[in-house]
$ cat query11.txt   # compact mmCIF, C-alpha atoms
# COMPACT_ATOMS: atom_id res chain seq x y z
CA MET A 1 -32.48 -106.34 46.74
CA SER A 2 -29.47 -104.96 48.58
CA LYS A 3 -26.38 -104.32 46.50
CA GLU A 4 -23.85 -107.13 46.31
CA SER A 5 -21.19 -104.59 47.27
CA ASP A 6 -22.93 -103.89 50.60
CA LEU A 7 -21.61 -105.54 53.73
CA CYS A 8 -23.44 -106.06 57.01
CA GLY A 9 -22.23 -104.98 60.43
CA LEU A 10 -23.21 -105.96 63.95
CA LEU A 11 -22.74 -104.14 67.24
CA LYS A 12 -20.45 -105.78 69.78
CA TYR A 13 -19.71 -104.93 73.41
CA SER A 14 -16.14 -104.89 74.65
CA HIS A 15 -16.90 -102.65 77.63
CA GLY A 16 -19.47 -103.33 80.32
CA MET A 17 -20.37 -106.83 81.40
CA ASN A 18 -24.17 -106.78 81.05
CA LEU A 19 -25.22 -109.61 78.73
CA GLY A 20 -28.47 -107.78 78.03
CA ASP A 21 -26.49 -105.66 75.57
CA THR A 22 -25.35 -108.78 73.74
CA MET A 23 -28.93 -110.12 73.69
CA GLN A 24 -29.80 -107.11 71.54
CA SER A 25 -27.11 -108.07 69.04
CA LEU A 26 -28.33 -111.68 68.99
CA ALA A 27 -31.72 -110.30 67.94
CA ALA A 28 -30.16 -108.26 65.13
CA LYS A 29 -28.01 -111.20 64.03
CA LYS A 30 -31.15 -113.19 63.30
CA PHE A 31 -31.76 -110.95 60.28
CA LEU A 32 -28.26 -110.77 58.79
CA THR A 33 -24.84 -112.38 58.54
CA PRO A 34 -22.26 -109.94 59.93
CA HIS A 35 -19.11 -109.25 57.93
CA LEU A 36 -17.76 -106.75 60.46
CA TYR A 37 -18.28 -106.12 64.17
CA PHE A 38 -18.44 -102.57 65.51
CA ASP A 39 -17.91 -101.75 69.16
CA ARG A 40 -20.88 -99.71 70.34
CA ASP A 41 -18.64 -97.32 72.30
CA HIS A 42 -15.83 -97.15 69.72
CA PRO A 43 -17.30 -97.88 66.27
CA SER A 44 -14.49 -95.95 64.56
CA HIS A 45 -12.00 -98.62 65.71
CA THR A 46 -13.37 -100.96 63.03
CA LYS A 47 -11.81 -100.26 59.66
CA ILE A 48 -14.27 -100.19 56.80
CA PRO A 49 -13.04 -101.32 53.36
CA ILE A 50 -12.73 -98.46 50.87
CA ASN A 51 -15.83 -97.82 48.74
CA LYS A 52 -17.96 -100.20 50.82
CA LYS A 53 -21.25 -99.45 52.54
CA ILE A 54 -22.05 -101.24 55.79
CA LYS A 55 -25.69 -101.92 56.58
CA MET A 56 -26.17 -102.07 60.34
CA MET A 57 -28.99 -102.03 62.87
CA MET A 58 -28.27 -99.55 65.63
CA ASN A 59 -30.48 -101.17 68.28
CA ALA A 60 -28.72 -100.41 71.55
CA TYR A 61 -28.51 -98.47 74.78
CA TRP A 62 -26.46 -95.40 73.79
CA ALA A 63 -24.63 -93.84 76.74
CA GLY A 64 -23.26 -90.36 77.21
CA TRP A 65 -22.58 -90.49 80.95
CA ASP A 66 -19.42 -90.79 83.03
CA GLY A 67 -16.53 -92.23 81.03
CA HIS A 68 -18.71 -92.58 77.94
CA GLN A 69 -19.29 -88.83 77.61
CA SER A 70 -16.07 -88.25 75.67
CA THR A 71 -16.83 -91.31 73.52
CA TRP A 72 -20.21 -89.88 72.54
CA LYS A 73 -18.57 -86.63 71.50
CA GLU A 74 -15.77 -88.37 69.60
CA GLU A 75 -17.81 -91.09 67.92
CA PHE A 76 -20.96 -89.27 66.82
CA PRO A 77 -22.03 -89.13 64.15
CA PRO A 78 -20.79 -92.54 62.99
CA SER A 79 -18.94 -92.99 59.72
CA SER A 80 -20.86 -92.05 56.58
CA SER A 81 -19.91 -95.50 55.28
CA ILE A 82 -22.37 -97.00 57.78
CA ASP A 83 -25.88 -97.22 56.38
CA PRO A 84 -27.85 -97.41 59.64
CA LEU A 85 -31.30 -98.52 60.69
CA TRP A 86 -31.92 -96.67 63.93
CA THR A 87 -34.48 -98.77 65.74
CA SER A 88 -35.05 -100.07 69.27
CA CYS A 89 -32.78 -97.31 70.65
CA HIS A 90 -32.40 -95.78 74.08
CA PHE A 91 -30.35 -92.61 74.62
CA ASP A 92 -29.53 -91.91 78.23
CA GLY A 93 -29.62 -88.50 79.88
CA GLY A 94 -25.90 -87.92 79.31
CA CYS A 95 -26.17 -87.93 75.51
CA SER A 96 -25.76 -84.35 74.31
CA PHE A 97 -27.71 -83.46 71.19
CA ASP A 98 -25.64 -80.74 69.55
CA SER A 99 -26.85 -79.35 66.24
CA TYR A 100 -24.63 -81.62 64.12
CA ILE A 101 -25.92 -84.71 65.97
CA ILE A 102 -29.52 -83.58 65.49
CA ASP A 103 -28.83 -83.04 61.78
CA TYR A 104 -27.39 -86.55 61.56
CA PHE A 105 -30.48 -88.15 63.10
CA LYS A 106 -32.76 -86.06 60.89
CA SER A 107 -30.94 -87.50 57.88
CA HIS A 108 -31.89 -91.00 59.05
CA GLU A 109 -35.48 -90.41 60.16
CA PRO A 110 -37.63 -91.89 61.47
CA ILE A 111 -35.75 -93.14 64.54
CA GLY A 112 -37.23 -96.16 66.33
CA CYS A 113 -37.25 -95.76 70.12
CA ARG A 114 -37.64 -98.63 72.52
CA ASP A 115 -39.26 -96.44 75.21
CA GLU A 116 -41.40 -93.33 75.42
CA TRP A 117 -38.68 -91.44 77.28
CA THR A 118 -36.31 -91.71 74.32
CA LEU A 119 -39.13 -90.90 71.90
CA ASN A 120 -39.90 -87.67 73.77
CA LYS A 121 -36.19 -86.79 73.94
CA LEU A 122 -35.73 -87.04 70.18
CA SER A 123 -39.04 -85.36 69.40
CA SER A 124 -38.07 -82.41 71.60
CA HIS A 125 -35.14 -81.82 69.24
CA GLY A 126 -37.37 -81.90 66.16
CA VAL A 127 -36.31 -85.41 65.12
CA LYS A 128 -39.07 -87.61 63.66
CA ALA A 129 -39.29 -90.70 65.83
CA TYR A 130 -41.64 -93.55 66.64
CA PHE A 131 -42.11 -96.08 69.44
CA SER A 132 -40.66 -99.38 68.23
CA ASN A 133 -40.23 -101.21 71.54
CA CYS A 134 -37.32 -103.69 71.77
CA LEU A 135 -35.95 -105.81 68.93
CA THR A 136 -35.28 -108.73 71.30
CA ILE A 137 -38.98 -109.64 71.16
CA THR A 138 -38.30 -110.96 67.63
CA LEU A 139 -36.16 -113.80 69.01
CA GLU A 140 -37.69 -117.22 68.27
CA ASN A 141 -37.85 -120.45 70.26
CA ILE A 142 -36.01 -123.34 68.58
CA PHE A 143 -37.25 -125.98 71.04
CA CYS A 144 -40.60 -127.78 70.91
CA THR A 145 -40.77 -128.89 74.55
CA ARG A 146 -40.21 -127.32 77.95
CA ASN A 147 -38.83 -128.60 81.23
CA GLU A 148 -39.93 -127.77 84.78
CA LYS A 149 -37.14 -125.26 85.37
CA ILE A 150 -37.79 -121.91 86.99
CA TYR A 151 -35.03 -119.33 86.63
CA ILE A 152 -34.65 -116.32 88.91
CA VAL A 153 -32.42 -113.79 87.15
CA ASP A 154 -30.84 -110.89 89.05
CA VAL A 155 -33.76 -110.40 91.41
CA PRO A 156 -32.73 -108.82 94.77
CA GLU A 157 -32.27 -111.44 97.47
CA SER A 158 -34.19 -109.22 99.88
CA ILE A 159 -37.49 -110.23 98.29
CA TYR A 160 -36.87 -113.99 98.00
CA SER A 161 -38.67 -114.55 101.28
CA THR A 162 -41.91 -113.35 99.71
CA PHE A 163 -41.83 -116.02 96.98
CA PRO A 164 -43.89 -119.19 97.51
CA SER A 165 -41.86 -122.21 98.61
CA GLU A 166 -42.90 -124.16 95.49
CA ILE A 167 -41.21 -121.44 93.41
CA LEU A 168 -38.00 -121.28 95.43
CA ASN A 169 -37.66 -125.06 95.71
CA ARG A 170 -37.64 -125.42 91.91
CA ALA A 171 -35.63 -122.29 91.14
CA GLU A 172 -32.16 -121.95 89.71
CA PHE A 173 -30.47 -118.56 90.10
CA LEU A 174 -28.84 -116.93 87.09
CA THR A 175 -27.22 -113.58 86.28
CA HIS A 176 -26.79 -111.40 83.23
CA ALA A 177 -23.35 -110.33 84.46
CA SER A 178 -20.70 -111.86 82.20
CA CYS A 179 -18.20 -114.25 83.77
CA TRP A 180 -15.40 -113.12 81.46
CA GLU A 181 -12.14 -112.53 83.35
CA GLY A 182 -9.74 -111.82 80.50
CA PRO A 183 -8.85 -108.56 78.72
CA LYS A 184 -12.00 -106.52 78.10
CA GLY A 185 -11.24 -105.97 74.44
CA ASP A 186 -11.26 -109.73 73.79
CA CYS A 187 -14.53 -110.58 75.50
CA PHE A 188 -17.21 -109.93 72.92
CA LEU A 189 -17.30 -113.39 71.28
CA TYR A 190 -17.29 -115.04 74.70
CA LYS A 191 -20.27 -112.86 75.67
CA PHE A 192 -22.12 -113.94 72.53
CA ASP A 193 -21.68 -117.54 73.67
CA GLU A 194 -22.76 -116.72 77.23
CA ALA A 195 -25.88 -114.92 76.05
CA GLN A 196 -26.79 -117.79 73.70
CA VAL A 197 -26.47 -120.32 76.54
CA LEU A 198 -28.80 -118.23 78.71
CA LEU A 199 -31.26 -117.86 75.84
CA HIS A 200 -31.39 -121.64 75.36
CA LYS A 201 -32.15 -122.06 79.06
CA TYR A 202 -35.01 -119.55 78.82
CA MET A 203 -36.41 -121.32 75.74
CA ARG A 204 -36.92 -124.54 77.71
CA ALA A 205 -38.02 -122.98 81.03
CA SER A 206 -41.50 -123.09 82.51
CA LEU A 207 -41.06 -119.67 84.17
CA VAL A 208 -38.50 -116.86 84.39
CA ILE A 209 -38.52 -114.21 87.12
CA THR A 210 -36.23 -111.26 86.48
CA SER A 211 -35.31 -107.64 87.09
CA ARG A 212 -33.51 -107.41 83.73
CA LEU A 213 -35.27 -105.77 80.79
CA HIS A 214 -33.29 -107.82 78.27
CA CYS A 215 -34.12 -111.02 80.04
CA ALA A 216 -37.85 -110.23 80.03
CA THR A 217 -38.10 -109.12 76.38
CA PRO A 218 -36.33 -112.20 74.93
CA CYS A 219 -38.59 -114.41 77.07
CA LEU A 220 -41.63 -112.67 75.60
CA GLY A 221 -40.30 -113.27 72.08
CA ILE A 222 -39.68 -116.98 72.69
CA GLY A 223 -42.99 -117.50 74.48
CA THR A 224 -41.63 -118.21 77.95
CA PRO A 225 -43.82 -117.03 80.85
CA VAL A 226 -42.02 -114.20 82.62
CA VAL A 227 -42.55 -112.10 85.74
CA PHE A 228 -40.73 -108.76 85.76
CA ILE A 229 -39.84 -107.12 89.08
CA GLY A 230 -38.00 -103.85 88.46
CA GLU A 231 -36.97 -100.73 90.28
CA GLU A 232 -39.16 -97.62 90.17
CA LYS A 233 -36.14 -95.43 89.40
CA HIS A 234 -35.59 -97.34 86.14
CA SER A 235 -39.24 -97.37 85.07
CA TYR A 236 -38.60 -94.77 82.34
CA ARG A 237 -36.52 -97.46 80.57
CA THR A 238 -38.53 -100.56 81.41
CA ASN A 239 -42.11 -99.36 81.04
CA CYS A 240 -41.95 -100.50 77.39
CA LEU A 241 -42.90 -103.88 78.90
CA GLU A 242 -46.34 -102.51 79.78
CA GLU A 243 -47.49 -103.40 76.26
CA TYR A 244 -47.09 -107.07 77.08
CA ILE A 245 -47.10 -107.92 80.80
CA PRO A 246 -47.87 -106.40 84.20
CA LEU A 247 -44.95 -104.54 85.75
CA TYR A 248 -44.06 -105.17 89.37
CA SER A 249 -41.65 -103.23 91.56
CA GLU A 250 -40.52 -103.07 95.17
CA ASN A 251 -43.84 -101.34 95.88
CA ASN A 252 -46.27 -103.97 94.59
CA PHE A 253 -44.49 -107.32 94.05
CA SER A 254 -46.51 -108.79 96.92
CA THR A 255 -49.58 -108.66 94.64
CA ILE A 256 -48.17 -111.20 92.16
CA ASN A 257 -50.40 -114.18 91.47
CA TRP A 258 -47.93 -117.06 91.11
CA ASN A 259 -50.35 -119.34 89.29
CA LEU A 260 -48.61 -120.19 86.02
CA GLU A 261 -51.81 -120.07 83.97
CA ASP A 262 -52.60 -116.63 85.35
CA ILE A 263 -49.10 -115.42 84.36
CA LYS A 264 -49.58 -116.81 80.85
CA ASN A 265 -53.02 -115.26 80.50
CA LYS A 266 -51.70 -111.82 81.46
CA THR A 267 -49.21 -111.87 78.58
CA ASN A 268 -50.49 -109.88 75.59
CA VAL A 269 -49.48 -112.25 72.80
CA ARG A 270 -51.29 -110.21 70.14
CA ARG A 271 -49.21 -107.13 70.91
CA ILE A 272 -46.02 -109.20 70.78
CA ASP A 273 -46.98 -110.68 67.40
CA LYS A 274 -47.87 -107.22 66.06
CA ARG A 275 -44.50 -105.79 67.11
CA LYS A 276 -42.68 -108.76 65.57
CA GLU A 277 -44.46 -108.20 62.28
CA GLU A 278 -43.65 -104.48 62.32
CA PHE A 279 -39.98 -105.15 63.03
CA CYS A 280 -39.70 -107.78 60.31
CA GLN A 281 -41.32 -105.55 57.68
CA ARG A 282 -39.11 -102.57 58.52
CA ILE A 283 -35.88 -104.60 58.70
CA ASN A 284 -36.53 -106.51 55.49
CA SER A 285 -37.28 -103.22 53.70
CA PHE A 286 -33.98 -101.88 55.01
CA LEU A 287 -31.86 -104.90 54.12
CA TYR A 288 -33.57 -105.74 50.83
CA PRO A 289 -34.97 -102.50 49.38
CA ARG A 290 -36.91 -102.71 46.17
CA VAL A 291 -35.05 -101.32 43.20
$ encode --input "query11.txt" --output "structure tokens"
Amino acid sequence: MSKESDLCGLLKYSHGMNLGDTMQSLAAKKFLTPHLYFDRDHPSHTKIPINKKIKMMMNAYWAGWDGHQSTWKEEFPPSSSIDPLWTSCHFDGGCSFDSYIIDYFKSHEPIGCRDEWTLNKLSSHGVKAYFSNCLTITLENIFCTRNEKIYIVDVPESIYSTFPSEILNRAEFLTHASCWEGPKGDCFLYKFDEAQVLLHKYMRASLVITSRLHCATPCLGIGTPVVFIGEEKHSYRTNCLEEYIPLYSENNFSTINWNLEDIKNKTNVRRIDKRKEEFCQRINSFLYPRV
């Protein structure tokens, strides 16, 4: 079992208003009770008690672009007091892999990557990595019944006209953009609540149509039929969905069969269950290692 002196940490998001980030922390929170919260972009701002180790899952989109570039340089590698499980990770093209960062990741191999692009990036630097897919597929449905709701989440309005009228007439439109209007540093708990409210809606829905990766993957975990319509330019991040469902884009969304049974039948439930089992085994071994 894990040592009694170990604490658990959870990633929070004080910058950026995409609730998909918070969905990833909701998935991690299912496995542990957090004692401390660490901002993804500024983990050093959280003070760690002396002589304590913090177990933490590092499942996140890690950015090194624009204003985050200096943060990546300043914050990596994280504190040696953090005992990390690097899984379900994406590193964008702005993340520089200097020798000391490569050495850090090698000390925590293997690194679980949520997409093939990240896997190839790490492997090119000699880091042992594997394709984990996204931790949000481990989310579970707490409801036994569904309603007739259809949710359309951040799909471009320009393609609404192609949807059947029976879809649009039943649809409610949602967004993964947080509604928080206060100081950014104070928003993370509010975003946890917002993400949980959305997740409860998806649990009861009969269908979700979305362009958001971290709307589609939670829906797959909770067994809600989902249609994903993404952008080709982001396919290197979202093609992890190919394990489970067909991917549609601006080039082929007109081929969607809107029959609900057809959508259900095209979902690869076996692959989802296999990934869930793999995640659970790896996480439990991390949190509760055998002595």
$ closest_residue --input "query11.txt" --among "A:Phe38, A:Phe97, A:Phe228, A:Trp86" --to "Gly64 of chain A" --atoms "all atoms listed in the file"
A:Phe97
$ atom_distance --input "query11.txt" --atom1 "atom CA of Cys215 of chain A" --atom2 "atom CA of Pro246 of chain A"
15.1 Å
$ closest_atom_pairs --input "query11.txt" --of "segment 145-229 of chain A" --to "segment 14-26 of chain A" --cutoff "10 Å" --atoms "only C-alpha atoms" --output "Markdown table"
| residue | atom | partner | partner_atom | distance |
| --- | --- | --- | --- | --- |
| A:Thr175 | CA | A:Leu19 | CA | 8.8 |
| A:His176 | CA | A:Leu19 | CA | 5.1 |
| A:Ala177 | CA | A:Asn18 | CA | 5.0 |
| A:Ser178 | CA | A:Met17 | CA | 5.1 |
| A:Cys179 | CA | A:Met17 | CA | 8.1 |
| A:Trp180 | CA | A:Met17 | CA | 8.0 |
| A:Pro183 | CA | A:Ser14 | CA | 9.1 |
| A:Lys184 | CA | A:Ser14 | CA | 5.6 |
| A:Gly185 | CA | A:Ser14 | CA | 5.0 |
| A:Asp186 | CA | A:Ser14 | CA | 6.9 |
| A:Cys187 | CA | A:Ser14 | CA | 6.0 |
| A:Phe188 | CA | A:Ser14 | CA | 5.4 |
| A:Leu189 | CA | A:Ser14 | CA | 9.2 |
| A:Lys191 | CA | A:Leu19 | CA | 6.7 |
| A:Phe192 | CA | A:Thr22 | CA | 6.2 |
| A:Asp193 | CA | A:Thr22 | CA | 9.5 |
| A:Glu194 | CA | A:Leu19 | CA | 7.7 |
| A:Ala195 | CA | A:Leu19 | CA | 6.0 |
| A:Gln196 | CA | A:Leu26 | CA | 7.9 |
| A:Leu198 | CA | A:Leu19 | CA | 9.3 |
| A:Leu199 | CA | A:Met23 | CA | 8.4 |
| A:Arg212 | CA | A:Gly20 | CA | 7.6 |
| A:Leu213 | CA | A:Gly20 | CA | 7.6 |
| A:His214 | CA | A:Gly20 | CA | 4.8 |
| A:Cys215 | CA | A:Gly20 | CA | 6.8 |
| A:Ala216 | CA | A:Gly20 | CA | 9.9 |
| A:Thr217 | CA | A:Met23 | CA | 9.6 |
| A:Pro218 | CA | A:Met23 | CA | 7.8 |
$ write_last_selection --input "query11.txt" --atoms "C-alpha atoms" --output "mmCIF file, keeping the file's coordinate frame"
data_model
loop_
_atom_site.group_PDB
_atom_site.id
_atom_site.type_symbol
_atom_site.label_atom_id
_atom_site.label_comp_id
_atom_site.auth_asym_id
_atom_site.auth_seq_id
_atom_site.Cartn_x
_atom_site.Cartn_y
_atom_site.Cartn_z
ATOM 1 C CA THR A 175 -27.220 -113.580 86.280
ATOM 2 C CA HIS A 176 -26.790 -111.400 83.230
ATOM 3 C CA ALA A 177 -23.350 -110.330 84.460
ATOM 4 C CA SER A 178 -20.700 -111.860 82.200
ATOM 5 C CA CYS A 179 -18.200 -114.250 83.770
ATOM 6 C CA TRP A 180 -15.400 -113.120 81.460
ATOM 7 C CA PRO A 183 -8.850 -108.560 78.720
ATOM 8 C CA LYS A 184 -12.000 -106.520 78.100
ATOM 9 C CA GLY A 185 -11.240 -105.970 74.440
ATOM 10 C CA ASP A 186 -11.260 -109.730 73.790
ATOM 11 C CA CYS A 187 -14.530 -110.580 75.500
ATOM 12 C CA PHE A 188 -17.210 -109.930 72.920
ATOM 13 C CA LEU A 189 -17.300 -113.390 71.280
ATOM 14 C CA LYS A 191 -20.270 -112.860 75.670
ATOM 15 C CA PHE A 192 -22.120 -113.940 72.530
ATOM 16 C CA ASP A 193 -21.680 -117.540 73.670
ATOM 17 C CA GLU A 194 -22.760 -116.720 77.230
ATOM 18 C CA ALA A 195 -25.880 -114.920 76.050
ATOM 19 C CA GLN A 196 -26.790 -117.790 73.700
ATOM 20 C CA LEU A 198 -28.800 -118.230 78.710
ATOM 21 C CA LEU A 199 -31.260 -117.860 75.840
ATOM 22 C CA ARG A 212 -33.510 -107.410 83.730
ATOM 23 C CA LEU A 213 -35.270 -105.770 80.790
ATOM 24 C CA HIS A 214 -33.290 -107.820 78.270
ATOM 25 C CA CYS A 215 -34.120 -111.020 80.040
ATOM 26 C CA ALA A 216 -37.850 -110.230 80.030
ATOM 27 C CA THR A 217 -38.100 -109.120 76.380
ATOM 28 C CA PRO A 218 -36.330 -112.200 74.930
#
$ closest_residue --input "query11.txt" --among "A:Tyr202, A:Trp117, A:Tyr13, A:Tyr61" --to "Pro225 of chain A" --atoms "only C-alpha atoms"
A:Tyr202
$ atom_distance --input "query11.txt" --atom1 "atom CA of Ile54 of chain A" --atom2 "atom CA of Leu7 of chain A"
4.8 Å
$ residues_around --input "query11.txt" --residues "segment 156-165 of chain A" --least-positions-apart "5" --cutoff "9 Å" --atoms "all atoms listed in the file" --output "count of residues only"
6
$ atom_distance --input "query11.txt" --atom1 "atom CA of Val153 of chain A" --atom2 "atom CA of Lys264 of chain A"
18.5 Å
$ closest_residue --input "query11.txt" --among "A:Ser285, A:His90, A:Asp154, A:Tyr248" --to "Asn120 of chain A" --atoms "only C-alpha atoms"
A:His90
$ residues_around --input "query11.txt" --residues "segment 121-128 of chain A" --least-positions-apart "6" --cutoff "9 Å" --atoms "all atoms listed in the file" --output "number ranges by chain"
A: 91, 97, 102-103, 105-106, 109-111, 113
$ write_last_selection --input "query11.txt" --atoms "C-alpha atoms" --output "PDB file, keeping the file's coordinate frame"
ATOM      1  CA  PHE A  91     -30.350 -92.610  74.620  1.00  0.00           C
ATOM      2  CA  PHE A  97     -27.710 -83.460  71.190  1.00  0.00           C
ATOM      3  CA  ILE A 102     -29.520 -83.580  65.490  1.00  0.00           C
ATOM      4  CA  ASP A 103     -28.830 -83.040  61.780  1.00  0.00           C
ATOM      5  CA  PHE A 105     -30.480 -88.150  63.100  1.00  0.00           C
ATOM      6  CA  LYS A 106     -32.760 -86.060  60.890  1.00  0.00           C
ATOM      7  CA  GLU A 109     -35.480 -90.410  60.160  1.00  0.00           C
ATOM      8  CA  PRO A 110     -37.630 -91.890  61.470  1.00  0.00           C
ATOM      9  CA  ILE A 111     -35.750 -93.140  64.540  1.00  0.00           C
ATOM     10  CA  CYS A 113     -37.250 -95.760  70.120  1.00  0.00           C
TER      11      CYS A 113
END
$ residues_around --input "query11.txt" --residues "Ala171 of chain A" --least-positions-apart "2" --cutoff "6 Å" --atoms "all atoms listed in the file" --output "PyMOL selection string"
chain A and resi 150-151+168-169
$ write_last_selection --input "query11.txt" --atoms "C-alpha atoms" --output "compact mmCIF listing (two decimals), in the coordinates of the input"
# COMPACT_ATOMS: atom_id res chain seq x y z
CA ILE A 150 -37.79 -121.91 86.99
CA TYR A 151 -35.03 -119.33 86.63
CA LEU A 168 -38.00 -121.28 95.43
CA ASN A 169 -37.66 -125.06 95.71
